[in-house]
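Q: Mind looking over this structure? Questions follow.
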Amino acid sequence: MDFAAARKVMVDSQVRVNDVTDRDLQAALLAVPREKFLPADRAFSAYAEMEPEIAGGRRLMLPRDLSKLLMALEPRAGETALAVAGPYAAAVLARLGLTVTAQEADPAVLDVVGGALDAAGVEGVVAPFTQPAGEGYDVIVSEAATPVRPDAWLAALKVGGRLVVVERAGPAGKAVLYVKGVSGVSRRELFDAAPPVLAGLAPEPAFAL
């Protein structure tokens, strides 16, 4: 399979046509080998309009949705970034000149994507998704959805930092952009999306007498 040709078709047919106009982002998507973030026997599905599985139920986000999230994030070279459940996003951000940490909760995912992260200059870490690896980030992104507002991730941003994620409590979700200010955070809805929800992020059920 000609992965370079498939990559160009992905950018032309799934990214550019969905109003992703940032040329630097388009170039990064053309340069990062998405197929390297999947097991070899599933590499053929890397550029299809689907969410292929990495390992243990973790999936890559649709190229359309991820590219729109990253454009809304407005990443800048020299910034620090945390990609939570987002190894491919981490490599794209690194290609844009950011210093990136990729966090996964399941070591099996890093077993698949570790080589691609190393090649991209991204540090991979294993930690629960409820506990962000580090703090003071300029940007945070996830390729998966959260069932509620990810307050722990917001706490890991510096003032002025931005977070993009899909919030999904049912069959459909909303991609949102958070910006952290001195006295709180702002929230702006971006578009509809429905990636899989990360396990372990739902709040504990409360019981009332």
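Quick note on naming: the chains in the structure tokens go A, B, ... in the order shown, residues restart at 1 in each chain, and ligands are numbered from 1 in order of appearance.
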Would you pick out the contacts of segment 68-78 of chain A at 9 Å or less, using only C-alpha atoms, so that residues sharing its chain but fewer than 6 positions from it are not included, and give the list as an MDAnalysis selection string?

A: chainID A and resid 15 18:22 25 89 93:94 96:99 138:141 162:166 175:177 190:191

Q: Set the distance at 9 Å and use only C-alpha atoms: which residues neighbour Val113 of chain A once local chain neighbours fewer than 6 positions away are removed? I'd like the list as a VMD selection string.

A: chain A and resid 36 to 39 54 87 to 88

Q: For the residues selected in the previous step, produce a file with N, CA and C atoms as a PDB file, in the first residue's frame.

A:
```pdb
ATOM      1  N   LYS A  36       1.848   4.287  11.407  1.00  0.00           N
ATOM      2  CA  LYS A  36       2.787   3.812  12.422  1.00  0.00           C
ATOM      3  C   LYS A  36       2.163   3.792  13.818  1.00  0.00           C
ATOM      4  N   PHE A  37       0.968   4.340  13.968  1.00  0.00           N
ATOM      5  CA  PHE A  37       0.291   4.373  15.261  1.00  0.00           C
ATOM      6  C   PHE A  37      -0.734   3.248  15.405  1.00  0.00           C
ATOM      7  N   LEU A  38      -0.620   2.263  14.513  1.00  0.00           N
ATOM      8  CA  LEU A  38      -1.494   1.101  14.548  1.00  0.00           C
ATOM      9  C   LEU A  38      -0.649  -0.170  14.447  1.00  0.00           C
ATOM     10  N   PRO A  39      -1.170  -1.291  14.938  1.00  0.00           N
ATOM     11  CA  PRO A  39      -0.470  -2.562  14.698  1.00  0.00           C
ATOM     12  C   PRO A  39      -0.302  -2.793  13.201  1.00  0.00           C
ATOM     13  N   ILE A  54      -6.077   0.928  18.221  1.00  0.00           N
ATOM     14  CA  ILE A  54      -4.643   0.792  18.500  1.00  0.00           C
ATOM     15  C   ILE A  54      -4.409  -0.482  19.310  1.00  0.00           C
ATOM     16  N   PRO A  87      -1.829   9.754  20.865  1.00  0.00           N
ATOM     17  CA  PRO A  87      -0.454   9.602  20.376  1.00  0.00           C
ATOM     18  C   PRO A  87      -0.217  10.193  18.996  1.00  0.00           C
ATOM     19  N   TYR A  88      -1.184  10.035  18.110  1.00  0.00           N
ATOM     20  CA  TYR A  88      -1.029  10.630  16.780  1.00  0.00           C
ATOM     21  C   TYR A  88      -1.075  12.148  16.858  1.00  0.00           C
TER      22      TYR A  88
END
```

Q: DSSP on the backbone, then: every residue of chain A marked helix (DSSP H, G or I), written as a ChimeraX atom specification.

A: /A:3-18,23-31,34-37,40-45,63-73,87-95,107-120,151-155

Q: Atoms to include: C-alpha atoms. Write the selected residues as a PDB file, in the first residue's frame.

A:
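Result file is out21.pdb:
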```pdb
ATOM      1  CA  PHE A   3       0.858   5.195   2.496  1.00  0.00           C
ATOM      2  CA  ALA A   4       2.184   8.545   1.279  1.00  0.00           C
ATOM      3  CA  ALA A   5      -0.476   8.651  -1.425  1.00  0.00           C
ATOM      4  CA  ALA A   6      -3.153   7.593   1.086  1.00  0.00           C
ATOM      5  CA  ARG A   7      -1.995  10.354   3.410  1.00  0.00           C
ATOM      6  CA  LYS A   8      -2.443  12.966   0.695  1.00  0.00           C
ATOM      7  CA  VAL A   9      -5.928  11.649  -0.109  1.00  0.00           C
ATOM      8  CA  MET A  10      -6.778  11.870   3.619  1.00  0.00           C
ATOM      9  CA  VAL A  11      -5.707  15.505   3.816  1.00  0.00           C
ATOM     10  CA  ASP A  12      -7.452  16.410   0.558  1.00  0.00           C
ATOM     11  CA  SER A  13     -10.723  14.568   1.194  1.00  0.00           C
ATOM     12  CA  GLN A  14     -11.126  14.640   4.993  1.00  0.00           C
ATOM     13  CA  VAL A  15      -9.188  17.680   6.217  1.00  0.00           C
ATOM     14  CA  ARG A  16      -9.139  20.507   3.669  1.00  0.00           C
ATOM     15  CA  VAL A  17     -12.785  20.048   2.708  1.00  0.00           C
ATOM     16  CA  ASN A  18     -13.806  20.506   6.352  1.00  0.00           C
ATOM     17  CA  ARG A  23      -1.250  25.281   5.952  1.00  0.00           C
ATOM     18  CA  ASP A  24       1.288  24.385   8.623  1.00  0.00           C
ATOM     19  CA  LEU A  25      -1.169  21.921  10.140  1.00  0.00           C
ATOM     20  CA  GLN A  26      -1.911  20.439   6.715  1.00  0.00           C
ATOM     21  CA  ALA A  27       1.828  20.002   6.127  1.00  0.00           C
ATOM     22  CA  ALA A  28       2.266  18.292   9.506  1.00  0.00           C
ATOM     23  CA  LEU A  29      -0.578  15.879   8.736  1.00  0.00           C
ATOM     24  CA  LEU A  30       1.066  15.095   5.393  1.00  0.00           C
ATOM     25  CA  ALA A  31       4.392  14.430   7.103  1.00  0.00           C
ATOM     26  CA  ARG A  34      -0.443   7.794  10.776  1.00  0.00           C
ATOM     27  CA  GLU A  35      -0.073   4.100   9.911  1.00  0.00           C
ATOM     28  CA  LYS A  36       2.787   3.812  12.422  1.00  0.00           C
ATOM     29  CA  PHE A  37       0.291   4.373  15.261  1.00  0.00           C
ATOM     30  CA  ALA A  40       1.046  -3.717  11.419  1.00  0.00           C
ATOM     31  CA  ASP A  41      -2.010  -5.833  10.563  1.00  0.00           C
ATOM     32  CA  ARG A  42      -4.276  -2.785  10.880  1.00  0.00           C
ATOM     33  CA  ALA A  43      -2.029  -0.200   9.217  1.00  0.00           C
ATOM     34  CA  PHE A  44      -4.152  -0.377   6.056  1.00  0.00           C
ATOM     35  CA  SER A  45      -7.011   1.325   7.954  1.00  0.00           C
ATOM     36  CA  PRO A  63      -8.729  12.768  10.850  1.00  0.00           C
ATOM     37  CA  ARG A  64     -11.490  15.330  10.268  1.00  0.00           C
ATOM     38  CA  ASP A  65     -12.229  15.738  13.967  1.00  0.00           C
ATOM     39  CA  LEU A  66      -8.606  15.806  15.083  1.00  0.00           C
ATOM     40  CA  SER A  67      -7.559  18.350  12.476  1.00  0.00           C
ATOM     41  CA  LYS A  68     -10.432  20.654  13.464  1.00  0.00           C
ATOM     42  CA  LEU A  69      -9.506  20.305  17.151  1.00  0.00           C
ATOM     43  CA  LEU A  70      -5.867  21.106  16.473  1.00  0.00           C
ATOM     44  CA  MET A  71      -6.697  24.144  14.335  1.00  0.00           C
ATOM     45  CA  ALA A  72      -8.908  25.494  17.131  1.00  0.00           C
ATOM     46  CA  LEU A  73      -6.058  24.909  19.576  1.00  0.00           C
ATOM     47  CA  PRO A  87      -0.454   9.602  20.376  1.00  0.00           C
ATOM     48  CA  TYR A  88      -1.029  10.630  16.780  1.00  0.00           C
ATOM     49  CA  ALA A  89      -2.036  14.128  17.879  1.00  0.00           C
ATOM     50  CA  ALA A  90       1.181  14.246  19.915  1.00  0.00           C
ATOM     51  CA  ALA A  91       3.302  13.522  16.847  1.00  0.00           C
ATOM     52  CA  VAL A  92       1.477  16.141  14.775  1.00  0.00           C
ATOM     53  CA  LEU A  93       2.032  18.744  17.491  1.00  0.00           C
ATOM     54  CA  ALA A  94       5.705  17.796  17.689  1.00  0.00           C
ATOM     55  CA  ARG A  95       5.962  18.263  13.933  1.00  0.00           C
ATOM     56  CA  PRO A 107       1.042   0.136  28.525  1.00  0.00           C
ATOM     57  CA  ALA A 108      -0.223  -1.983  25.621  1.00  0.00           C
ATOM     58  CA  VAL A 109      -1.000   1.209  23.694  1.00  0.00           C
ATOM     59  CA  LEU A 110       2.545   2.493  24.147  1.00  0.00           C
ATOM     60  CA  ASP A 111       3.845  -0.895  23.035  1.00  0.00           C
ATOM     61  CA  VAL A 112       2.193  -0.184  19.667  1.00  0.00           C
ATOM     62  CA  VAL A 113       2.903   3.529  19.290  1.00  0.00           C
ATOM     63  CA  GLY A 114       6.191   3.850  21.187  1.00  0.00           C
ATOM     64  CA  GLY A 115       8.412   3.621  18.128  1.00  0.00           C
ATOM     65  CA  ALA A 116       6.432   6.267  16.267  1.00  0.00           C
ATOM     66  CA  LEU A 117       6.512   8.572  19.301  1.00  0.00           C
ATOM     67  CA  ASP A 118      10.273   8.134  19.617  1.00  0.00           C
ATOM     68  CA  ALA A 119      10.704   8.961  15.936  1.00  0.00           C
ATOM     69  CA  ALA A 120       8.635  12.118  16.452  1.00  0.00           C
ATOM     70  CA  ASP A 151     -11.111  19.516  35.605  1.00  0.00           C
ATOM     71  CA  ALA A 152      -7.892  17.656  36.403  1.00  0.00           C
ATOM     72  CA  TRP A 153      -6.633  18.363  32.885  1.00  0.00           C
ATOM     73  CA  LEU A 154      -7.623  22.020  33.148  1.00  0.00           C
ATOM     74  CA  ALA A 155      -5.648  22.250  36.393  1.00  0.00           C
TER      75      ALA A 155
END
```

Q: Could you give me, as a PyMOL selection string, each residue of segment 64-168 of chain A that DSSP assigns to strand (DSSP E) when run on this structure's backbone?

A: chain A and resi 80-84+99-104+123-126+137-146+157-168

Q: Produce a file of the selected residues containing N, CA, C and O atoms, as a short mmCIF file (atom, residue, chain, number, x, y, z; two decimals), in the first residue's frame.

A:
```
data_model
loop_
_atom_site.label_atom_id
_atom_site.label_comp_id
_atom_site.auth_asym_id
_atom_site.auth_seq_id
_atom_site.Cartn_x
_atom_site.Cartn_y
_atom_site.Cartn_z
N THR A 80 4.64 23.96 25.17
CA THR A 80 4.62 22.62 25.74
C THR A 80 3.21 22.07 25.63
O THR A 80 2.23 22.79 25.81
N ALA A 81 3.11 20.77 25.35
CA ALA A 81 1.81 20.16 25.12
C ALA A 81 1.73 18.80 25.81
O ALA A 81 2.72 18.07 25.92
N LEU A 82 0.52 18.48 26.24
CA LEU A 82 0.21 17.15 26.77
C LEU A 82 -0.89 16.57 25.88
O LEU A 82 -1.95 17.19 25.70
N ALA A 83 -0.65 15.38 25.34
CA ALA A 83 -1.65 14.67 24.56
C ALA A 83 -2.13 13.49 25.41
O ALA A 83 -1.38 12.55 25.64
N VAL A 84 -3.35 13.59 25.91
CA VAL A 84 -3.92 12.55 26.75
C VAL A 84 -4.71 11.60 25.85
O VAL A 84 -5.66 12.03 25.19
N THR A 99 6.98 20.96 22.25
CA THR A 99 7.56 19.91 23.09
C THR A 99 6.40 19.15 23.72
O THR A 99 5.62 19.72 24.47
N VAL A 100 6.30 17.85 23.40
CA VAL A 100 5.07 17.11 23.66
C VAL A 100 5.31 15.89 24.54
O VAL A 100 6.28 15.16 24.36
N THR A 101 4.39 15.68 25.48
CA THR A 101 4.31 14.45 26.26
C THR A 101 3.03 13.73 25.87
O THR A 101 1.96 14.35 25.80
N ALA A 102 3.13 12.43 25.60
CA ALA A 102 1.96 11.62 25.25
C ALA A 102 1.66 10.69 26.42
O ALA A 102 2.50 9.87 26.79
N GLN A 103 0.47 10.82 26.98
CA GLN A 103 0.09 10.04 28.16
C GLN A 103 -0.93 8.97 27.78
O GLN A 103 -1.94 9.25 27.16
N GLU A 104 -0.64 7.74 28.21
CA GLU A 104 -1.57 6.63 28.04
C GLU A 104 -1.75 5.93 29.39
O GLU A 104 -0.83 5.92 30.21
N GLU A 123 7.85 12.27 24.22
CA GLU A 123 8.01 11.42 25.40
C GLU A 123 6.69 10.72 25.71
O GLU A 123 5.65 11.36 25.80
N GLY A 124 6.71 9.41 25.86
CA GLY A 124 5.53 8.66 26.23
C GLY A 124 5.57 8.28 27.70
O GLY A 124 6.61 7.85 28.20
N VAL A 125 4.46 8.44 28.39
CA VAL A 125 4.37 8.09 29.80
C VAL A 125 3.09 7.30 30.04
O VAL A 125 2.10 7.46 29.32
N VAL A 126 3.13 6.44 31.07
CA VAL A 126 1.95 5.67 31.47
C VAL A 126 1.48 6.19 32.82
O VAL A 126 2.25 6.21 33.78
N TYR A 137 1.22 23.24 31.34
CA TYR A 137 1.22 23.07 29.89
C TYR A 137 0.57 24.27 29.19
O TYR A 137 -0.36 24.88 29.71
N ASP A 138 1.07 24.55 27.99
CA ASP A 138 0.43 25.56 27.14
C ASP A 138 -0.83 25.01 26.48
O ASP A 138 -1.82 25.72 26.34
N VAL A 139 -0.76 23.75 26.06
CA VAL A 139 -1.91 23.14 25.39
C VAL A 139 -2.07 21.69 25.82
O VAL A 139 -1.10 21.01 26.14
N ILE A 140 -3.32 21.24 25.85
CA ILE A 140 -3.66 19.84 26.12
C ILE A 140 -4.70 19.42 25.10
O ILE A 140 -5.63 20.18 24.78
N VAL A 141 -4.56 18.20 24.58
CA VAL A 141 -5.51 17.67 23.60
C VAL A 141 -5.75 16.20 23.89
O VAL A 141 -4.88 15.51 24.43
N SER A 142 -6.93 15.72 23.54
CA SER A 142 -7.24 14.29 23.63
C SER A 142 -7.92 13.85 22.35
O SER A 142 -8.75 14.57 21.79
N GLU A 143 -7.59 12.63 21.90
CA GLU A 143 -8.27 12.05 20.75
C GLU A 143 -9.52 11.27 21.18
O GLU A 143 -10.26 10.79 20.32
N ALA A 144 -9.73 11.14 22.47
CA ALA A 144 -10.91 10.44 22.97
C ALA A 144 -11.83 11.45 23.64
O ALA A 144 -11.47 12.61 23.86
N ALA A 145 -13.02 10.99 23.98
CA ALA A 145 -14.00 11.87 24.62
C ALA A 145 -13.97 11.70 26.13
O ALA A 145 -13.55 10.67 26.65
N THR A 146 -14.45 12.73 26.82
CA THR A 146 -14.63 12.66 28.27
C THR A 146 -16.12 12.79 28.57
O THR A 146 -16.84 13.52 27.87
N LEU A 157 -3.03 23.06 33.08
CA LEU A 157 -2.70 24.15 32.16
C LEU A 157 -2.09 25.33 32.91
O LEU A 157 -2.45 25.60 34.05
N LYS A 158 -1.22 26.05 32.26
CA LYS A 158 -0.78 27.34 32.79
C LYS A 158 -1.84 28.39 32.46
O LYS A 158 -2.72 28.15 31.63
N VAL A 159 -1.77 29.52 33.08
CA VAL A 159 -2.68 30.62 32.74
C VAL A 159 -2.43 31.01 31.28
O VAL A 159 -1.29 31.20 30.86
N GLY A 160 -3.51 31.10 30.53
CA GLY A 160 -3.40 31.34 29.10
C GLY A 160 -3.37 30.08 28.27
O GLY A 160 -3.40 30.13 27.04
N GLY A 161 -3.32 28.93 28.96
CA GLY A 161 -3.27 27.65 28.27
C GLY A 161 -4.62 27.27 27.67
O GLY A 161 -5.67 27.75 28.10
N ARG A 162 -4.59 26.38 26.67
CA ARG A 162 -5.80 25.96 25.97
C ARG A 162 -5.93 24.45 26.00
O ARG A 162 -4.93 23.72 25.97
N LEU A 163 -7.16 23.98 26.07
CA LEU A 163 -7.46 22.55 26.05
C LEU A 163 -8.57 22.30 25.04
O LEU A 163 -9.57 23.02 25.04
N VAL A 164 -8.39 21.29 24.19
CA VAL A 164 -9.46 20.89 23.27
C VAL A 164 -9.79 19.42 23.51
O VAL A 164 -8.89 18.58 23.66
N VAL A 165 -11.07 19.13 23.58
CA VAL A 165 -11.53 17.77 23.88
C VAL A 165 -12.99 17.67 23.45
O VAL A 165 -13.68 18.68 23.32
N VAL A 166 -13.43 16.45 23.23
CA VAL A 166 -14.85 16.20 22.98
C VAL A 166 -15.49 15.77 24.29
O VAL A 166 -15.00 14.86 24.97
N GLU A 167 -16.57 16.45 24.67
CA GLU A 167 -17.34 16.07 25.85
C GLU A 167 -18.57 15.31 25.37
O GLU A 167 -19.35 15.82 24.56
N ARG A 168 -18.73 14.09 25.85
CA ARG A 168 -19.79 13.22 25.35
C ARG A 168 -20.42 12.43 26.50
O ARG A 168 -19.77 11.59 27.10
#
```

Q: Contacts of Glu51 of chain A at 10 Å or less, counting only C-alpha atoms, minus same-chain residues fewer than 4 places along, as a list of chain:residue names?

A: A:Ser45, A:Ala46, A:Tyr47, A:Arg58, A:Arg59, A:Leu60, A:Met61, A:Leu62, A:Pro63, A:Pro195, A:Pro196
